[in-house]
file target-v6.cif (mmCIF, C-alpha atoms and all ligand atoms)
data_start
loop_
_atom_site.label_atom_id
_atom_site.label_comp_id
_atom_site.auth_asym_id
_atom_site.auth_seq_id
_atom_site.Cartn_x
_atom_site.Cartn_y
_atom_site.Cartn_z
CA MET A 96 3.56 -8.15 22.53
CA GLU A 97 7.00 -9.12 21.26
CA GLU A 98 9.13 -7.05 18.85
CA VAL A 99 11.14 -8.49 15.96
CA SER A 100 13.95 -6.69 14.09
CA TYR A 101 14.37 -6.74 10.34
CA GLY A 102 17.69 -5.03 9.71
CA ALA A 103 17.23 -1.51 11.06
CA LEU A 104 13.43 -1.84 11.18
CA ARG A 105 11.29 -3.10 14.04
CA VAL A 106 7.95 -4.90 13.97
CA ARG A 107 5.64 -5.11 16.96
CA ARG A 108 3.33 -8.10 16.79
CA LEU A 109 -0.35 -7.06 16.95
CA HIS A 110 -2.00 -10.48 17.36
CA PRO A 111 -0.54 -13.95 18.03
CA ALA A 112 -1.60 -15.22 14.58
CA ILE A 113 -1.37 -12.25 12.24
CA ALA A 114 -0.29 -8.62 11.75
CA GLY A 115 2.59 -6.47 12.87
CA GLU A 116 3.21 -2.75 13.20
CA MET A 117 6.36 -1.66 11.40
CA HIS A 118 8.46 1.28 12.57
CA GLY A 119 11.34 3.12 10.97
CA VAL A 120 9.85 3.47 7.47
CA ASP A 121 9.04 6.76 5.73
CA PHE A 122 6.88 6.31 2.63
CA SER A 123 7.28 9.94 1.59
CA GLU A 124 10.90 9.24 0.59
CA PRO A 125 12.32 6.74 -1.92
CA LEU A 126 13.00 3.44 -0.14
CA GLU A 127 16.48 1.93 0.19
CA PRO A 128 16.83 -1.60 -1.24
CA ALA A 129 17.55 -2.89 2.29
CA THR A 130 14.27 -1.34 3.48
CA VAL A 131 12.30 -3.04 0.70
CA THR A 132 13.93 -6.37 1.55
CA ALA A 133 13.10 -5.93 5.23
CA ILE A 134 9.46 -5.05 4.45
CA LYS A 135 9.09 -8.10 2.19
CA GLN A 136 10.52 -10.40 4.87
CA ALA A 137 8.34 -8.90 7.60
CA TRP A 138 5.30 -9.11 5.32
CA ALA A 139 5.91 -12.81 4.61
CA ASP A 140 6.14 -13.42 8.37
CA HIS A 141 3.17 -11.27 9.49
CA LEU A 142 0.82 -11.32 6.42
CA VAL A 143 -0.48 -7.86 7.36
CA LEU A 144 1.75 -4.86 8.14
CA VAL A 145 0.60 -1.59 9.65
CA PHE A 146 2.73 1.50 8.95
CA PRO A 147 1.57 4.26 11.29
CA ASP A 148 1.73 7.97 10.54
CA GLN A 149 2.34 8.03 6.76
CA PRO A 150 0.67 11.24 5.48
CA ILE A 151 1.48 10.58 1.81
CA SER A 152 -0.05 11.80 -1.45
CA ASP A 153 -1.81 9.43 -3.86
CA GLN A 154 1.21 9.67 -6.17
CA GLN A 155 3.53 8.63 -3.32
CA HIS A 156 1.12 5.80 -2.46
CA VAL A 157 1.36 4.50 -6.05
CA ALA A 158 5.16 4.91 -6.01
CA VAL A 159 5.42 2.82 -2.80
CA THR A 160 3.23 0.14 -4.36
CA ARG A 161 5.64 -0.19 -7.31
CA TYR A 162 8.37 -1.51 -5.00
CA PHE A 163 6.21 -4.62 -4.60
CA GLY A 164 4.77 -5.04 -8.10
CA GLU A 165 2.63 -3.44 -10.77
CA PRO A 166 -0.37 -1.44 -9.47
CA GLU A 167 -3.69 -2.84 -10.67
CA VAL A 168 -6.18 -0.50 -12.35
CA PHE A 169 -9.79 -1.32 -11.44
CA HIS A 170 -11.72 -2.55 -14.49
CA GLN A 171 -14.82 -0.40 -13.93
CA ASP A 172 -14.93 3.39 -14.18
CA ARG A 173 -16.76 3.73 -10.89
CA ILE A 174 -14.85 3.69 -7.59
CA LYS A 175 -11.42 4.44 -8.99
CA SER A 176 -10.08 7.98 -8.63
CA LYS A 177 -10.47 10.20 -11.67
CA PHE A 178 -7.18 11.90 -10.76
CA VAL A 179 -4.91 8.91 -10.09
CA ARG A 180 -6.19 5.86 -11.93
CA GLU A 181 -4.38 3.31 -9.72
CA ILE A 182 -6.29 4.58 -6.65
CA PHE A 183 -9.41 2.61 -5.68
CA ARG A 184 -11.58 4.83 -3.44
CA VAL A 185 -13.13 2.95 -0.54
CA ALA A 186 -15.02 6.07 0.47
CA ASN A 187 -18.51 7.33 1.20
CA THR A 188 -17.71 10.70 -0.36
CA ASP A 189 -17.32 11.58 -4.02
CA GLU A 190 -14.25 13.43 -5.25
CA ASP A 191 -16.02 16.78 -4.75
CA GLY A 192 -16.30 15.89 -1.07
CA ASN A 193 -20.07 15.19 -1.00
CA ILE A 194 -21.32 12.30 1.12
CA MET A 195 -23.00 9.53 -0.89
CA PRO A 196 -26.01 7.86 0.73
CA PRO A 197 -26.06 4.05 1.18
CA SER A 198 -28.53 3.84 -1.76
CA ASN A 199 -25.87 5.20 -4.14
CA PRO A 200 -24.71 2.38 -6.48
CA VAL A 201 -21.06 2.93 -5.55
CA GLN A 202 -21.93 2.56 -1.87
CA GLN A 203 -23.99 -0.54 -2.63
CA GLN A 204 -21.05 -2.10 -4.41
CA LEU A 205 -18.60 -1.13 -1.63
CA SER A 206 -20.93 -2.61 0.99
CA SER A 207 -19.71 -6.04 -0.18
CA ALA A 208 -16.46 -5.31 1.72
CA ARG A 209 -18.42 -5.90 4.95
CA LYS A 210 -18.18 -9.63 4.27
CA TRP A 211 -15.03 -11.77 4.25
CA HIS A 212 -13.20 -11.61 0.93
CA THR A 213 -9.83 -11.29 -0.70
CA ASP A 214 -9.27 -8.62 -3.33
CA SER A 215 -9.49 -9.29 -7.07
CA SER A 216 -9.88 -13.05 -6.60
CA TYR A 217 -12.18 -12.95 -9.66
CA ARG A 218 -9.14 -12.32 -11.88
CA GLU A 219 -7.30 -15.16 -13.54
CA LYS A 220 -4.18 -13.78 -11.85
CA PRO A 221 -5.55 -12.47 -8.54
CA ALA A 222 -3.96 -9.55 -6.73
CA ILE A 223 -0.80 -10.18 -4.72
CA GLY A 224 -1.57 -7.61 -2.05
CA SER A 225 -3.25 -4.31 -1.24
CA LEU A 226 -2.13 -1.11 0.50
CA LEU A 227 -4.93 0.85 2.17
CA HIS A 228 -4.37 4.42 3.35
CA GLY A 229 -6.65 5.84 6.05
CA VAL A 230 -7.24 9.35 4.69
CA GLU A 231 -10.37 10.15 6.76
CA ILE A 232 -10.96 7.41 9.28
CA SER A 233 -14.15 6.41 11.08
CA ARG A 234 -14.74 6.65 14.82
CA THR A 235 -18.12 4.89 14.70
CA GLY A 236 -16.99 1.63 13.07
CA GLY A 237 -14.91 0.98 9.98
CA ILE A 238 -12.68 -1.51 11.78
CA THR A 239 -10.88 -3.73 9.28
CA CYS A 240 -10.50 -7.39 10.26
CA PHE A 241 -7.91 -9.79 8.82
CA THR A 242 -7.67 -13.57 9.11
CA ASN A 243 -4.70 -15.89 8.64
CA MET A 244 -5.71 -18.46 6.01
CA TYR A 245 -2.60 -20.62 6.51
CA ASP A 246 -3.65 -21.22 10.12
CA VAL A 247 -7.27 -21.64 9.06
CA TYR A 248 -6.34 -24.37 6.59
CA GLU A 249 -4.17 -26.18 9.14
CA ALA A 250 -6.91 -26.05 11.76
CA LEU A 251 -9.76 -27.22 9.49
CA PRO A 252 -11.55 -30.28 10.86
CA ALA A 253 -11.02 -33.38 8.69
CA ARG A 254 -14.63 -33.21 7.45
CA LEU A 255 -14.07 -29.73 5.96
CA LYS A 256 -10.53 -30.45 4.77
CA SER A 257 -11.75 -33.43 2.74
CA GLN A 258 -14.30 -31.18 1.04
CA VAL A 259 -11.75 -28.57 -0.08
CA ASP A 260 -8.68 -30.67 -0.88
CA GLY A 261 -8.13 -30.99 -4.63
CA ARG A 262 -11.24 -28.95 -5.48
CA LYS A 263 -11.85 -25.65 -7.23
CA ALA A 264 -14.29 -22.82 -6.51
CA ARG A 265 -15.65 -20.32 -9.00
CA HIS A 266 -15.00 -16.60 -8.42
CA ASP A 267 -17.33 -14.27 -10.31
CA PHE A 268 -17.18 -10.47 -10.11
CA ASP A 269 -20.89 -10.37 -11.02
CA MET A 270 -21.69 -12.00 -7.65
CA LEU A 271 -21.41 -8.44 -6.21
CA SER A 272 -24.49 -7.18 -8.01
CA ARG A 273 -26.45 -10.25 -6.87
CA LEU A 274 -25.24 -9.76 -3.31
CA THR A 275 -25.61 -6.00 -2.91
CA GLY A 276 -28.17 -4.82 -5.47
CA ALA A 277 -25.46 -2.77 -7.22
CA PRO A 278 -25.99 -2.37 -10.98
CA LYS A 279 -25.09 -5.42 -13.04
CA PRO A 280 -21.81 -5.14 -14.95
CA THR A 281 -22.28 -4.05 -18.56
CA ALA A 282 -21.77 -6.63 -21.32
CA ALA A 283 -18.33 -5.17 -21.99
CA GLU A 284 -17.37 -5.31 -18.28
CA ARG A 285 -18.57 -8.89 -18.11
CA ALA A 286 -16.63 -9.92 -21.18
CA ALA A 287 -13.53 -8.30 -19.68
CA MET A 288 -13.95 -10.19 -16.40
CA PRO A 289 -15.33 -13.70 -17.01
CA ALA A 290 -15.75 -15.98 -13.97
CA VAL A 291 -12.64 -18.01 -13.07
CA TRP A 292 -12.06 -21.30 -11.26
CA GLN A 293 -9.44 -21.21 -8.50
CA PRO A 294 -8.10 -23.99 -6.28
CA LEU A 295 -9.61 -24.03 -2.78
CA VAL A 296 -6.19 -24.85 -1.38
CA ARG A 297 -3.25 -22.87 -2.73
CA ARG A 298 0.50 -22.73 -2.25
CA HIS A 299 2.08 -19.36 -1.52
CA PRO A 300 4.77 -18.57 -4.11
CA VAL A 301 7.07 -16.91 -1.54
CA THR A 302 6.60 -18.91 1.66
CA GLY A 303 5.65 -22.26 0.07
CA ARG A 304 2.89 -22.65 2.68
CA LYS A 305 -0.61 -23.99 1.98
CA SER A 306 -3.69 -21.90 2.69
CA LEU A 307 -7.43 -22.07 2.21
CA TYR A 308 -8.42 -19.88 -0.74
CA ILE A 309 -11.98 -18.63 -0.65
CA SER A 310 -13.48 -15.20 -1.30
CA PRO A 311 -17.09 -15.51 -0.17
CA ILE A 312 -18.39 -12.34 -1.88
CA TYR A 313 -17.31 -13.78 -5.26
CA ASN A 314 -17.75 -17.55 -4.81
CA ASP A 315 -20.92 -18.92 -6.33
CA ALA A 316 -19.97 -22.50 -7.21
CA ILE A 317 -17.67 -25.38 -6.29
CA GLU A 318 -16.63 -28.15 -8.63
CA GLY A 319 -18.72 -31.30 -8.24
CA MET A 320 -21.30 -29.73 -5.91
CA ALA A 321 -24.81 -28.37 -6.27
CA ASP A 322 -24.69 -24.54 -6.11
CA ASN A 323 -26.69 -24.28 -2.89
CA ASP A 324 -24.39 -26.82 -1.19
CA ALA A 325 -21.38 -24.89 -2.49
CA VAL A 326 -22.64 -21.59 -1.09
CA ALA A 327 -23.40 -23.29 2.25
CA LEU A 328 -19.88 -24.77 2.38
CA ILE A 329 -18.30 -21.40 1.61
CA ALA A 330 -20.37 -19.83 4.40
CA GLU A 331 -19.27 -22.55 6.84
CA LEU A 332 -15.61 -22.07 5.87
CA ALA A 333 -15.93 -18.30 6.27
CA GLU A 334 -17.44 -18.71 9.71
CA PHE A 335 -14.60 -21.04 10.71
CA ALA A 336 -12.06 -18.54 9.36
CA GLY A 337 -13.59 -15.74 11.41
CA GLN A 338 -12.76 -17.24 14.80
CA PRO A 339 -10.84 -14.86 17.07
CA GLN A 340 -7.69 -16.98 17.27
CA PHE A 341 -7.12 -16.26 13.56
CA VAL A 342 -8.28 -12.62 13.38
CA TYR A 343 -6.66 -9.22 13.94
CA GLU A 344 -9.05 -6.25 14.12
CA HIS A 345 -7.49 -3.00 12.99
CA THR A 346 -8.84 0.20 14.53
CA TRP A 347 -7.58 2.97 12.28
CA SER A 348 -5.61 6.08 13.12
CA PRO A 349 -5.33 8.84 10.51
CA ASP A 350 -2.63 8.12 7.91
CA ASP A 351 -2.11 4.50 8.80
CA ILE A 352 -1.11 2.47 5.77
CA VAL A 353 -2.10 -1.18 6.06
CA MET A 354 -0.55 -3.63 3.60
CA TRP A 355 -2.03 -7.12 3.36
CA ASP A 356 -1.25 -10.27 1.42
CA ASN A 357 -4.27 -11.38 -0.62
CA ARG A 358 -2.68 -14.81 -1.19
CA CYS A 359 -3.00 -15.99 2.42
CA THR A 360 -5.50 -13.70 4.18
CA MET A 361 -9.12 -12.53 3.97
CA HIS A 362 -10.50 -9.26 5.31
CA TYR A 363 -13.74 -7.35 5.87
CA VAL A 364 -14.71 -4.01 7.37
CA THR A 365 -17.31 -3.38 10.07
CA PRO A 366 -20.15 -0.92 9.27
CA HIS A 367 -20.00 2.70 10.37
CA ASP A 368 -22.47 5.58 10.64
CA PRO A 369 -23.21 6.47 6.99
CA ALA A 370 -23.42 10.15 7.94
CA GLU A 371 -19.78 10.07 9.06
CA ARG A 372 -17.19 10.60 6.35
CA ARG A 373 -14.81 7.71 5.76
CA VAL A 374 -12.24 8.04 2.99
CA MET A 375 -9.75 5.23 2.40
CA HIS A 376 -7.49 5.04 -0.65
CA ARG A 377 -6.32 1.65 -1.85
CA THR A 378 -3.71 0.51 -4.30
CA THR A 379 -3.62 -3.11 -5.35
CA ILE A 380 -0.50 -5.07 -6.31
CA ALA A 381 -1.52 -6.86 -9.51
CA GLY A 382 -1.10 -10.62 -9.75
CA ASP A 383 1.72 -11.79 -11.99
CA ALA A 384 0.95 -15.51 -11.96
CA VAL A 385 -1.94 -17.93 -11.86
CA VAL A 386 -2.73 -19.49 -8.48
CA GLU A 387 -0.74 -22.63 -7.69
CA ALA A 388 -2.94 -25.45 -6.43
CA ALA A 389 -1.73 -27.32 -3.33
C1 LIG A 401 -10.52 -2.98 0.54
C2 LIG A 401 -11.48 -3.25 1.59
C3 LIG A 401 -11.75 -2.46 3.82
C4 LIG A 401 -11.89 -1.15 4.50
O1 LIG A 401 -10.06 -1.84 0.44
O2 LIG A 401 -10.17 -3.91 -0.20
O3 LIG A 401 -12.02 -4.31 1.66
O4 LIG A 401 -11.49 -1.07 5.66
N1 LIG A 401 -11.61 -2.26 2.47
O5 LIG A 401 -12.39 -0.20 3.91
MN MN A 402 -11.13 -5.65 0.08
#
call {"tool": "encode", "arguments": {"input": "target-v6.cif", "output": "structure tokens"}}
result
Amino acid sequence: MEEVSYGALRVRRLHPAIAGEMHGVDFSEPLEPATVTAIKQAWADHLVLVFPDQPISDQQHVAVTRYFGEPEVFHQDRIKSKFVREIFRVANTDEDGNIMPPSNPVQQQLSSARKWHTDSSYREKPAIGSLLHGVEISRTGGITCFTNMYDVYEALPARLKSQVDGRKARHDFDMLSRLTGAPKPTAAERAAMPAVWQPLVRRHPVTGRKSLYISPIYNDAIEGMADNDAVALIAELAEFAGQPQFVYEHTWSPDDIVMWDNRCTMHYVTPHDPAERRVMHRTTIAGDAVVEAA
């Protein structure tokens, strides 16, 4: 597929609708301002960027994230690294290296990532983006799929468009426990993360483009609709968004870094053999603004 240049950097398109592989960047070194500018431009154009062969430390991973915003610290103690607090561990091992079985509460909670979602949408100011580092990758599954929500919105049939235009959906972190059987958030966690209402159609602050904004693992209600109708509509929208013309499927190589824009994409990961180790480290670029309705 075609290559595009951004200054001295090159991006190879990975799918007609979404994702590019960027070459010429080394995340183990401080980045030149021109490099950061090129990455931001390429990211706005491709929504998802893959940076192959970046064997960086967690500290370097956090440092790279800071070029794009403030790293988010996960609001629960579980899942985040006890060594580097900005690292969210999408892993089936604990930090002593032991495999956790699927019945482990952390694994139950992480299993929600096997459904379409966008990160931290349950926050009043949802995450801008995420950078995921393949530390120990899976060969039995663990393929991460990304969909272009600008294209999805544009392609929505009129019947669906009329149901989302001008409306809001609720995003509730507590949906995860209902969905996966993971322990319910404590009263303090709940108070820290009350459910929020977000527009179903949003405008991207950088590109100005409109996209459909849903996050099915957190959505439990839509304004002006019975809850069961709302959940059915979200499911229908997610199915529409999952069509192959919108979706890039990323098969990981060790030390890939994949950076996605949570403001105009959704993602999910395919299951893998739970006996196989899979260790992925994520940083999240914290939101700095409320979502603009479109
Ligand atoms: C995430 C996520 C997908 C994966 O880190 O936000 O959904 O491939 N992970 O593990
Ligand atoms: Mn995710």
call {"tool": "residues_near_ligand", "arguments": {"input": "target-v6.cif", "ligand": "ligand MN 402 (chain A)", "cutoff": "7 Å", "atoms": "only C-alpha atoms and all ligand atoms", "output": "short mmCIF file (atom, residue, chain, number, x, y, z; two decimals) with C-alpha atoms, in the frame of the given file"}}
result
data_model
loop_
_atom_site.label_atom_id
_atom_site.label_comp_id
_atom_site.auth_asym_id
_atom_site.auth_seq_id
_atom_site.Cartn_x
_atom_site.Cartn_y
_atom_site.Cartn_z
CA ALA A 208 -16.46 -5.31 1.72
CA HIS A 212 -13.20 -11.61 0.93
CA THR A 213 -9.83 -11.29 -0.70
CA ASP A 214 -9.27 -8.62 -3.33
CA HIS A 362 -10.50 -9.26 5.31
CA TYR A 363 -13.74 -7.35 5.87
#
call {"tool": "residues_near_ligand", "arguments": {"input": "target-v6.cif", "ligand": "ligand LIG 401 (chain A)", "cutoff": "10 Å", "atoms": "all atoms listed in the file", "output": "PyMOL selection string"}}
result
chain A and resi 183-186+205-215+224-229+232-233+236-241+345-347+353+355+357+361-366+373-379
call {"tool": "closest_residue", "arguments": {"input": "target-v6.cif", "among": "A:Ala282, A:Ile352, A:Ile223, A:Val230", "to": "His299 of chain A", "atoms": "only C-alpha atoms"}}
result
A:Ile223
call {"tool": "closest_residue", "arguments": {"input": "target-v6.cif", "among": "A:Glu165, A:Asp121, A:Asp140, A:Glu284", "to": "Gly382 of chain A", "atoms": "all atoms listed in the file"}}
result
A:Glu165
call {"tool": "axis_aligned_box", "arguments": {"input": "target-v6.cif", "around": "segment 360-364 of chain A", "padding_each_side": "5 Å", "output": "lines of an AutoDock Vina configuration file"}}
result
center_x = -10.1
center_y = -8.9
center_z = 5.7
size_x = 19.2
size_y = 19.7
size_z = 13.4
call {"tool": "atom_distance", "arguments": {"input": "target-v6.cif", "atom1": "atom CA of Ser123 of chain A", "atom2": "atom CA of Thr360 of chain A"}}
result
27.0 Å
